[in-house]
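Working notes, structure below.
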Amino acid sequence: MVLNELGARITKALAAVQNSDTIDEKVLEACLKEICTALLQADVNVKIVMGLREGVRKRVNNDKGAGHDKRKVVETAVIAELCSMLDSGVKDEKKQRELTRNKPNVVMFVGLQGSGKTTTCSKYGTFYKKKGYKPALVCADTFRAGAFDQLKQNATKTQIPFYGSYKETDPAVIAQQGVDKFKEEKKDMIIVDTSGRHKQEEALFEEMRQVATAVKPDLVIFVMDGSIGQAAFDQAKAFRDSVEVGAVILTKMDGHAKGGGALSAVSATKSPIIFLGTGEHMDEFEKFDTKTFVGRLLGRGDWRGFVEKIQDAVPEEDMQQELMDTIQKGNFTMRILYEQLGNILKMGPMGQMMSMIPGFSNSGLFTKGRENESQARIRKFMTLMDSMTEKELDENNIKVLQETSRIERIARGAGRHPHDMLELLEEYKRLRQLIVGALQGLLKQMDASGMK
């Protein structure tokens, strides 16, 4: 999860409020001081921070409801203001984010050189390929040496068709040829990578306009380096004023201290952020949603995102439904735990996955910054479960699995110490309570909203 330190400090400030006997002006001031200091150190613009501070005060002071828990009021106010700070406020944001399958969607990527634009094109294509789209990549970057080679390498690795030219020097011509080719081949996600520059200059903007005129994109995405902090405001505004930018992707957000500044600055330009790049690998790419991002920032998790990841790892709808139905009934066996731990190892970066599950970030199963150790621990547990019988894997009564002779036999069969088996049983009990309770609540929400 990006901005771990910022999230930890805000969570700590809110915890101090929860632990206070009475919520008076002094407690509120201490909470706001800690939160604002953390935001400023994350390079959030001072005016935005002061606006959040006043917004929280206003919400708290305006809440006159008799019997309202003041602690909850403060927490709700802080979360609401954080969401407001990161929200672009674009009314048709959902429409801009969603493209239509089985029709040629042309998506044009723009940005400065060094922002990670070419890699992001491949990540974007890979993301939608998992959703059932048929992506293709077009390299219209004739300015940077090696741009076509980089795109070709990424496309080959992700098995996405690509187009480019070593001879043609006009980017608009290449873009037009590539788009026409892939439209004929019935591709429904045609991604056009354009040239970047070292700085904002008229030559770059003119070239962008020419390419846009040639391919008539359905969506223009501006890719920006998230490590520049609040300087993102001027950059995003310059691009938005020069070309019809429909959305923004922030890259290099893997724990960078200035990421908060970039997020808030881009939102201030009223440009919707749709994805965050959190590393160099293709699966280090997260869909951005304000409420779920704030929830994960504060350790509340993102069950909907986790379910989507399960759907990517377990594509068969019958298997997904069977799993949900089983957990909804309160049946969470060792077999289910084994399968889901296996899915977690397949679903992408451990940090990204665990931040989606409330309680996992504080679990001994996952240690921030020590993902290799966490993966080894998961594999140790899976080895122990490999030593269980079919009946034990499907056993719902934890007391049966706690029998001393059974613990010793399973540990011996796995080549582990009995203490390892006891450790697995403790983790199983904790996760069963956590996951069953949380998913039952999630499924009720999905039923209520017609999303199931």
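Ligands are numbered from 1 in the order shown, chains are lettered A, B, ... in the order of the structure tokens, and residues start at 1 in each chain.
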- So which residues touch A:Phe109 within 9 Å, counting only C-alpha atoms, skipping near sequence neighbours fewer than 6 positions away, as an NGL selection string? :A and (117-118 or 120-121 or 191-194 or 219-223)
- Give me the residues within 9 Å of A:Arg57 as an MDAnalysis selection string, counting only C-alpha atoms and dropping any in the same chain fewer than 6 places off. chainID A and resid 28 32 74 77
- Task: From a DSSP pass on the backbone, collect the residues of stretch 100-320 of chain A flagged as strand (DSSP E) and hand them back as number ranges by chain.
- Result: A: 105-110, 135-140, 162-163, 189-194, 219-225, 247-251, 273-277, 285-287
I need the chosen residues saved as a compact mmCIF listing (two decimals), in the first residue's frame, with N, CA, C and O atoms.
```
# COMPACT_ATOMS: atom_id res chain seq x y z
N ASN A 105 -12.13 0.75 -28.81
CA ASN A 105 -11.85 1.89 -27.93
C ASN A 105 -10.41 2.32 -28.17
O ASN A 105 -9.48 1.52 -28.01
N VAL A 106 -10.22 3.57 -28.56
CA VAL A 106 -8.87 4.10 -28.77
C VAL A 106 -8.49 4.95 -27.56
O VAL A 106 -9.17 5.92 -27.23
N VAL A 107 -7.42 4.53 -26.88
CA VAL A 107 -6.96 5.23 -25.68
C VAL A 107 -5.57 5.78 -25.94
O VAL A 107 -4.64 5.03 -26.25
N MET A 108 -5.42 7.09 -25.82
CA MET A 108 -4.15 7.75 -26.11
C MET A 108 -3.46 8.16 -24.82
O MET A 108 -4.07 8.79 -23.95
N PHE A 109 -2.19 7.79 -24.67
CA PHE A 109 -1.42 8.11 -23.47
C PHE A 109 -0.47 9.27 -23.76
O PHE A 109 0.25 9.27 -24.76
N VAL A 110 -0.48 10.27 -22.86
CA VAL A 110 0.40 11.43 -23.00
C VAL A 110 1.14 11.65 -21.68
O VAL A 110 0.73 11.15 -20.64
N PRO A 135 -6.70 -6.20 -26.06
CA PRO A 135 -5.88 -4.99 -26.21
C PRO A 135 -4.83 -5.11 -27.31
O PRO A 135 -4.45 -6.21 -27.73
N ALA A 136 -4.35 -3.96 -27.76
CA ALA A 136 -3.24 -3.87 -28.71
C ALA A 136 -2.49 -2.57 -28.44
O ALA A 136 -3.09 -1.59 -27.97
N LEU A 137 -1.19 -2.56 -28.70
CA LEU A 137 -0.35 -1.40 -28.40
C LEU A 137 0.21 -0.80 -29.68
O LEU A 137 0.68 -1.52 -30.57
N VAL A 138 0.18 0.53 -29.76
CA VAL A 138 0.73 1.26 -30.90
C VAL A 138 1.79 2.23 -30.39
O VAL A 138 1.51 3.06 -29.52
N CYS A 139 3.02 2.13 -30.92
CA CYS A 139 4.09 3.03 -30.50
C CYS A 139 4.17 4.21 -31.46
O CYS A 139 4.66 4.07 -32.59
N ALA A 140 3.70 5.37 -31.03
CA ALA A 140 3.78 6.59 -31.84
C ALA A 140 4.83 7.53 -31.25
O ALA A 140 4.79 8.74 -31.48
N PHE A 162 1.30 -5.66 -31.02
CA PHE A 162 1.85 -4.30 -31.04
C PHE A 162 2.13 -3.86 -32.47
O PHE A 162 2.24 -4.67 -33.40
N TYR A 163 2.28 -2.53 -32.64
CA TYR A 163 2.59 -1.96 -33.96
C TYR A 163 3.52 -0.76 -33.76
O TYR A 163 3.37 0.00 -32.80
N MET A 189 -9.43 -2.61 -27.51
CA MET A 189 -8.69 -1.72 -26.61
C MET A 189 -7.37 -1.36 -27.30
O MET A 189 -6.36 -2.06 -27.17
N ILE A 190 -7.38 -0.30 -28.09
CA ILE A 190 -6.20 0.11 -28.87
C ILE A 190 -5.50 1.24 -28.12
O ILE A 190 -6.04 2.34 -28.00
N ILE A 191 -4.31 0.95 -27.60
CA ILE A 191 -3.58 1.88 -26.74
C ILE A 191 -2.46 2.54 -27.53
O ILE A 191 -1.58 1.85 -28.06
N VAL A 192 -2.50 3.86 -27.63
CA VAL A 192 -1.51 4.61 -28.41
C VAL A 192 -0.53 5.31 -27.47
O VAL A 192 -0.92 6.18 -26.68
N ASP A 193 0.74 4.92 -27.54
CA ASP A 193 1.79 5.54 -26.73
C ASP A 193 2.42 6.68 -27.53
O ASP A 193 2.91 6.48 -28.64
N THR A 194 2.40 7.89 -26.99
CA THR A 194 2.92 9.07 -27.71
C THR A 194 4.26 9.51 -27.14
O THR A 194 4.70 9.04 -26.09
N LEU A 219 -10.52 8.22 -25.24
CA LEU A 219 -10.05 8.65 -23.92
C LEU A 219 -8.58 9.04 -24.03
O LEU A 219 -7.78 8.32 -24.63
N VAL A 220 -8.23 10.19 -23.45
CA VAL A 220 -6.83 10.61 -23.36
C VAL A 220 -6.40 10.50 -21.90
O VAL A 220 -7.05 11.08 -21.02
N ILE A 221 -5.34 9.73 -21.65
CA ILE A 221 -4.86 9.53 -20.27
C ILE A 221 -3.51 10.20 -20.11
O ILE A 221 -2.58 9.96 -20.89
N PHE A 222 -3.41 11.03 -19.11
CA PHE A 222 -2.15 11.71 -18.78
C PHE A 222 -1.42 10.91 -17.72
O PHE A 222 -1.95 10.66 -16.64
N VAL A 223 -0.19 10.48 -18.03
CA VAL A 223 0.63 9.70 -17.10
C VAL A 223 1.63 10.64 -16.44
O VAL A 223 2.38 11.34 -17.13
N MET A 224 1.65 10.64 -15.11
CA MET A 224 2.50 11.59 -14.40
C MET A 224 3.28 10.93 -13.28
O MET A 224 2.78 10.02 -12.60
N ASP A 225 4.49 11.35 -13.09
CA ASP A 225 5.38 10.87 -12.04
C ASP A 225 4.87 11.36 -10.68
O ASP A 225 4.87 12.56 -10.39
N ALA A 247 -8.47 11.52 -18.02
CA ALA A 247 -8.12 10.84 -16.77
C ALA A 247 -6.61 10.91 -16.56
O ALA A 247 -5.85 11.25 -17.47
N VAL A 248 -6.19 10.60 -15.33
CA VAL A 248 -4.78 10.66 -14.95
C VAL A 248 -4.37 9.34 -14.31
O VAL A 248 -5.14 8.73 -13.56
N ILE A 249 -3.14 8.90 -14.62
CA ILE A 249 -2.52 7.77 -13.92
C ILE A 249 -1.25 8.28 -13.27
O ILE A 249 -0.41 8.89 -13.93
N LEU A 250 -1.12 8.07 -11.97
CA LEU A 250 0.08 8.47 -11.24
C LEU A 250 1.01 7.27 -11.11
O LEU A 250 0.59 6.20 -10.65
N THR A 251 2.27 7.43 -11.49
CA THR A 251 3.24 6.36 -11.40
C THR A 251 4.22 6.61 -10.26
O THR A 251 4.20 7.66 -9.64
N ILE A 273 -8.29 10.71 -11.21
CA ILE A 273 -7.21 9.72 -11.17
C ILE A 273 -7.86 8.34 -11.29
O ILE A 273 -8.80 8.03 -10.56
N ILE A 274 -7.36 7.51 -12.20
CA ILE A 274 -8.00 6.20 -12.40
C ILE A 274 -7.13 5.02 -11.98
O ILE A 274 -7.66 3.97 -11.62
N PHE A 275 -5.80 5.17 -12.02
CA PHE A 275 -4.90 4.10 -11.60
C PHE A 275 -3.68 4.68 -10.91
O PHE A 275 -3.32 5.85 -11.14
N LEU A 276 -3.04 3.85 -10.08
CA LEU A 276 -1.76 4.19 -9.47
C LEU A 276 -0.75 3.11 -9.87
O LEU A 276 -1.04 1.91 -9.76
N GLY A 277 0.42 3.54 -10.33
CA GLY A 277 1.51 2.60 -10.58
C GLY A 277 2.34 2.49 -9.32
O GLY A 277 2.83 3.50 -8.80
N PHE A 285 -0.06 -2.37 -10.19
CA PHE A 285 -0.91 -1.40 -10.86
C PHE A 285 -2.28 -1.48 -10.22
O PHE A 285 -2.96 -2.50 -10.30
N GLU A 286 -2.71 -0.43 -9.54
CA GLU A 286 -3.94 -0.48 -8.76
C GLU A 286 -4.98 0.49 -9.29
O GLU A 286 -4.67 1.66 -9.57
N LYS A 287 -6.21 0.02 -9.39
CA LYS A 287 -7.31 0.90 -9.74
C LYS A 287 -7.55 1.87 -8.58
O LYS A 287 -7.53 1.47 -7.42
```
- Enumerate, as number ranges by chain, the complete set of residues in stretch 189-297 of chain A that a backbone-based DSSP assignment places in alpha helix (DSSP H). A: 202-215, 232-242, 259-268, 290-297
- Counting only C-alpha atoms, the option among A:Gln433, A:Gln340, A:Asn19, A:Asn62 closest to A:Ile378: A:Gln340
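Comparing the minimum interatomic distances between A:Ala15 and each of A:Ile48, A:Cys31, A:Ile174, A:Ala214, counting only C-alpha atoms, we find that A:Cys31 sits nearest.
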Residues within 10 Å of A:Asp170, only C-alpha atoms, excluding chain neighbours under 5 positions, as a PDB file with N, CA and C atoms, in the first residue's frame:
```pdb
ATOM      1  N   ALA A 140       3.696   5.369 -31.029  1.00  0.00           N
ATOM      2  CA  ALA A 140       3.778   6.587 -31.837  1.00  0.00           C
ATOM      3  C   ALA A 140       4.826   7.534 -31.253  1.00  0.00           C
ATOM      4  N   ASP A 141       5.753   6.984 -30.469  1.00  0.00           N
ATOM      5  CA  ASP A 141       6.832   7.778 -29.875  1.00  0.00           C
ATOM      6  C   ASP A 141       8.059   7.687 -30.783  1.00  0.00           C
ATOM      7  N   THR A 142       8.272   8.718 -31.606  1.00  0.00           N
ATOM      8  CA  THR A 142       9.435   8.744 -32.503  1.00  0.00           C
ATOM      9  C   THR A 142      10.530   9.660 -31.959  1.00  0.00           C
ATOM     10  N   PHE A 143      10.319  10.215 -30.784  1.00  0.00           N
ATOM     11  CA  PHE A 143      11.276  11.177 -30.210  1.00  0.00           C
ATOM     12  C   PHE A 143      12.352  10.479 -29.380  1.00  0.00           C
ATOM     13  N   SER A 165       7.089   1.487 -36.066  1.00  0.00           N
ATOM     14  CA  SER A 165       7.903   1.568 -37.274  1.00  0.00           C
ATOM     15  C   SER A 165       9.278   2.127 -36.957  1.00  0.00           C
ATOM     16  N   ALA A 175       0.553   6.368 -35.737  1.00  0.00           N
ATOM     17  CA  ALA A 175      -0.622   6.157 -34.883  1.00  0.00           C
ATOM     18  C   ALA A 175      -1.838   5.775 -35.729  1.00  0.00           C
ATOM     19  N   GLU A 207       2.423  18.153 -31.116  1.00  0.00           N
ATOM     20  CA  GLU A 207       2.471  16.766 -31.578  1.00  0.00           C
ATOM     21  C   GLU A 207       1.302  15.964 -31.010  1.00  0.00           C
ATOM     22  N   GLN A 210      -1.775  16.733 -32.983  1.00  0.00           N
ATOM     23  CA  GLN A 210      -1.773  16.102 -34.307  1.00  0.00           C
ATOM     24  C   GLN A 210      -2.140  14.619 -34.222  1.00  0.00           C
ATOM     25  N   VAL A 211      -1.579  13.917 -33.234  1.00  0.00           N
ATOM     26  CA  VAL A 211      -1.894  12.499 -33.051  1.00  0.00           C
ATOM     27  C   VAL A 211      -3.369  12.335 -32.684  1.00  0.00           C
TER      28      VAL A 211
END
```
Could you give me, as JSON lines, a per-residue list for stretch 399-435 of chain A showing, wherever an atom lies at most 8 Å from an atom of stretch 379-389 of chain A, the closest pair of atoms and their distance in Å to one decimal, using only C-alpha atoms and sorting by chain then residue number from low to high?
```
{"residue": "A:Ile410", "atom": "CA", "partner": "A:Ser387", "partner_atom": "CA", "distance": 5.4}
{"residue": "A:Ala411", "atom": "CA", "partner": "A:Leu384", "partner_atom": "CA", "distance": 6.4}
{"residue": "A:Gly413", "atom": "CA", "partner": "A:Ser387", "partner_atom": "CA", "distance": 5.5}
{"residue": "A:Ala414", "atom": "CA", "partner": "A:Leu384", "partner_atom": "CA", "distance": 5.3}
{"residue": "A:Arg416", "atom": "CA", "partner": "A:Leu384", "partner_atom": "CA", "distance": 7.6}
{"residue": "A:Asp420", "atom": "CA", "partner": "A:Phe381", "partner_atom": "CA", "distance": 7.9}
{"residue": "A:Met421", "atom": "CA", "partner": "A:Leu384", "partner_atom": "CA", "distance": 6.9}
{"residue": "A:Leu424", "atom": "CA", "partner": "A:Phe381", "partner_atom": "CA", "distance": 6.1}
```
Can I get the selection written as a PDB file, in the first residue's frame, with N, CA, C and O atoms?
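Saved the output as selection.pdb:
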```pdb
ATOM      1  N   ILE A 410       0.514 -34.506  11.866  1.00  0.00           N
ATOM      2  CA  ILE A 410       0.520 -33.570  10.726  1.00  0.00           C
ATOM      3  C   ILE A 410       1.865 -32.866  10.613  1.00  0.00           C
ATOM      4  O   ILE A 410       2.442 -32.748   9.527  1.00  0.00           O
ATOM      5  N   ALA A 411       2.396 -32.409  11.768  1.00  0.00           N
ATOM      6  CA  ALA A 411       3.689 -31.716  11.772  1.00  0.00           C
ATOM      7  C   ALA A 411       4.803 -32.645  11.293  1.00  0.00           C
ATOM      8  O   ALA A 411       5.655 -32.262  10.479  1.00  0.00           O
ATOM      9  N   GLY A 413       4.530 -35.277   9.356  1.00  0.00           N
ATOM     10  CA  GLY A 413       4.362 -35.545   7.924  1.00  0.00           C
ATOM     11  C   GLY A 413       4.827 -34.393   7.048  1.00  0.00           C
ATOM     12  O   GLY A 413       5.220 -34.593   5.900  1.00  0.00           O
ATOM     13  N   ALA A 414       4.788 -33.172   7.614  1.00  0.00           N
ATOM     14  CA  ALA A 414       5.213 -31.992   6.854  1.00  0.00           C
ATOM     15  C   ALA A 414       6.681 -31.654   7.092  1.00  0.00           C
ATOM     16  O   ALA A 414       7.207 -30.705   6.496  1.00  0.00           O
ATOM     17  N   ARG A 416       7.821 -30.537   9.929  1.00  0.00           N
ATOM     18  CA  ARG A 416       7.823 -29.312  10.737  1.00  0.00           C
ATOM     19  C   ARG A 416       7.691 -29.654  12.211  1.00  0.00           C
ATOM     20  O   ARG A 416       7.373 -30.790  12.580  1.00  0.00           O
ATOM     21  N   ASP A 420       4.772 -25.224  14.900  1.00  0.00           N
ATOM     22  CA  ASP A 420       4.333 -24.642  13.628  1.00  0.00           C
ATOM     23  C   ASP A 420       2.864 -24.949  13.372  1.00  0.00           C
ATOM     24  O   ASP A 420       2.123 -24.115  12.838  1.00  0.00           O
ATOM     25  N   MET A 421       2.444 -26.157  13.744  1.00  0.00           N
ATOM     26  CA  MET A 421       1.047 -26.545  13.572  1.00  0.00           C
ATOM     27  C   MET A 421       0.147 -25.736  14.503  1.00  0.00           C
ATOM     28  O   MET A 421      -0.943 -25.295  14.109  1.00  0.00           O
ATOM     29  N   LEU A 424      -0.294 -22.395  12.973  1.00  0.00           N
ATOM     30  CA  LEU A 424      -1.281 -22.449  11.887  1.00  0.00           C
ATOM     31  C   LEU A 424      -2.702 -22.441  12.438  1.00  0.00           C
ATOM     32  O   LEU A 424      -3.581 -21.717  11.934  1.00  0.00           O
TER      33      LEU A 424
END
```
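Atom to atom, atom CA of A:Thr76 and atom CA of A:Arg296 stand 15.1 Å apart.
The residue set within 7 Å of A:Glu395, counting only C-alpha atoms and dropping same-chain residues fewer than 3 places from it, reads Thr333, Lys391 and Glu392 of chain A.
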